[in-house]
Amino acid sequence: MTDAPDRSHFIRGLKDGAPFILVIVPFGLLFGVVATEAGLNVFESLAFSVVVIAGAAQFTALQLLSDNLPAVIVLISALAVNLRMAMYSASITPHLGQMPLWKRALAAYVLVDQTYATAVLEFEKRPDLTPSQKFAFFAGTASAIVPLWYASTITGALVGSSIPDSLALDFAVPITFLALIAPALRTLAHVAAAFTSVALALTFMSLPYNLGLLIAAVSAMAVGAEVERRMTQKAA
Amino acid sequence: MTDIPTLKLWIVILGLGAGSYFLRFVFLGLIGDRQLPEWVLRHLRYTAVAVLPGLVAPAIIFPPATGGNPDPARLGAAAVTLALGYFTRNVIVAIIGGAMTLYALLYLLG
């Protein structure tokens, strides 16, 4: 049972998460459409969204599966995209770490870009919230976002097969990713990482098993971290 | 497009689900209140911008749909998407602007 104060935090979480509907619904629709284009049925598309709930990693996996790469390579590449989730997990732990294990297990399942971003802003703004109030808020944001992710995936998968080739949906994934990357280029370190990633991925494009991307990603992370270290040293 | 074998698809769905869940749960569930070393966090901050640009760059410059030849419509759409995303910081605006550019250029150049 939820007591009254927790319920009010749940509702605030719901409201703060609501603007992300504008991101989740088109993105979920697009995933459903692209998944059916790749030959998945509605159930398989939905399973992807329910089991994985991570748009960027799902698109990555789908693209590489369509390129007919081995499952191991698909998994490594898509999990690399999701490594940031480990950072979210580390960063949210001081706030939700005192909750019972089953609540932490649930929170981990719905820890995605949007719930994390909403919750972390709130927790920094209101450090005096109790862990249980924070959990209620987090549950609210997740309730605004996660069910819509499933629903929009199903809808996209249902309409997907009726979309003609002239719509050039082959380019939906690159455009979506660019749109996600561009706002993330916040600092010189982010720009340097992105530039390294592109340059090395193109240089090593012909390597088998998508190894070029792995080389590019690992090098780009190191470049980003190193640029950040030097920038903060200079500032200090 | 090649059909994806069903078994392989489910291996990827379940494997990716389990792996992603592990990444989300690892600190919250297992580590509790302890802090990560700063250098690990510093690398983790750049995973998204390190992986995603390299993933899409070949598909943008050498699109499979045009037989791997650079295509002005797709390059133009990519440039508009990137610029809109960077300056407006709005993902949806960037997607819509990029898609409109793609269709306009495909129509004009097609």
# chains A, B, ... in the order shown; residues from 1 in each chain; ligands from 1
call {"tool": "select_by_dssp", "arguments": {"residues": "segment 39-236 of chain A", "states": "alpha helix (DSSP H)", "output": "ChimeraX atom specification"}}
result
/A:42-52,55-66,71-81,84-96,101-109,113-125,131-160,172-184,188-203,211-235
call {"tool": "residues_around", "arguments": {"residues": "Pro37 of chain B", "least_positions_apart": "4", "cutoff": "12 Å", "atoms": "only C-alpha atoms", "output": "ChimeraX atom specification"}}
result
/A:87,90 /B:41-44
call {"tool": "residues_around", "arguments": {"residues": "Ser161 of chain A", "least_positions_apart": "6", "cutoff": "8 Å", "atoms": "only C-alpha atoms", "output": "ChimeraX atom specification"}}
result
/A:33,36-37
call {"tool": "closest_residue", "arguments": {"among": "A:Ala139, A:Ala179, A:Ala71, A:Leu214", "to": "Val51 of chain B", "atoms": "only C-alpha atoms"}}
result
A:Leu214
call {"tool": "closest_residue", "arguments": {"among": "A:Ala172, A:Ala105, A:Ala201, A:Leu211", "to": "Gly98 of chain B", "atoms": "only C-alpha atoms"}}
result
A:Ala172
call {"tool": "closest_residue", "arguments": {"among": "A:Pro174, A:Gly156, A:Gly140, A:Pro208", "to": "Gly17 of chain A", "atoms": "only C-alpha atoms"}}
result
A:Gly140
call {"tool": "interface_residues", "arguments": {"of": "chain A", "to": "chain B", "cutoff": "7 Å", "atoms": "only C-alpha atoms", "output": "count of residues only"}}
result
55
call {"tool": "atom_distance", "arguments": {"atom1": "atom CA of Ala57 of chain A", "atom2": "atom CA of Ile24 of chain A"}}
result
14.4 Å
call {"tool": "atom_distance", "arguments": {"atom1": "atom CA of Leu75 of chain B", "atom2": "atom CA of Leu167 of chain A"}}
result
16.2 Å
call {"tool": "residues_around", "arguments": {"residues": "segment 118-134 of chain A", "least_positions_apart": "2", "cutoff": "9 Å", "atoms": "only C-alpha atoms", "output": "MDAnalysis selection string"}}
result
chainID A and resid 5:10 13 16:17 91:92 95:99 113:116 136:139 141
call {"tool": "atom_distance", "arguments": {"atom1": "atom CA of Ser206 of chain A", "atom2": "atom CA of Ala80 of chain A"}}
result
20.0 Å
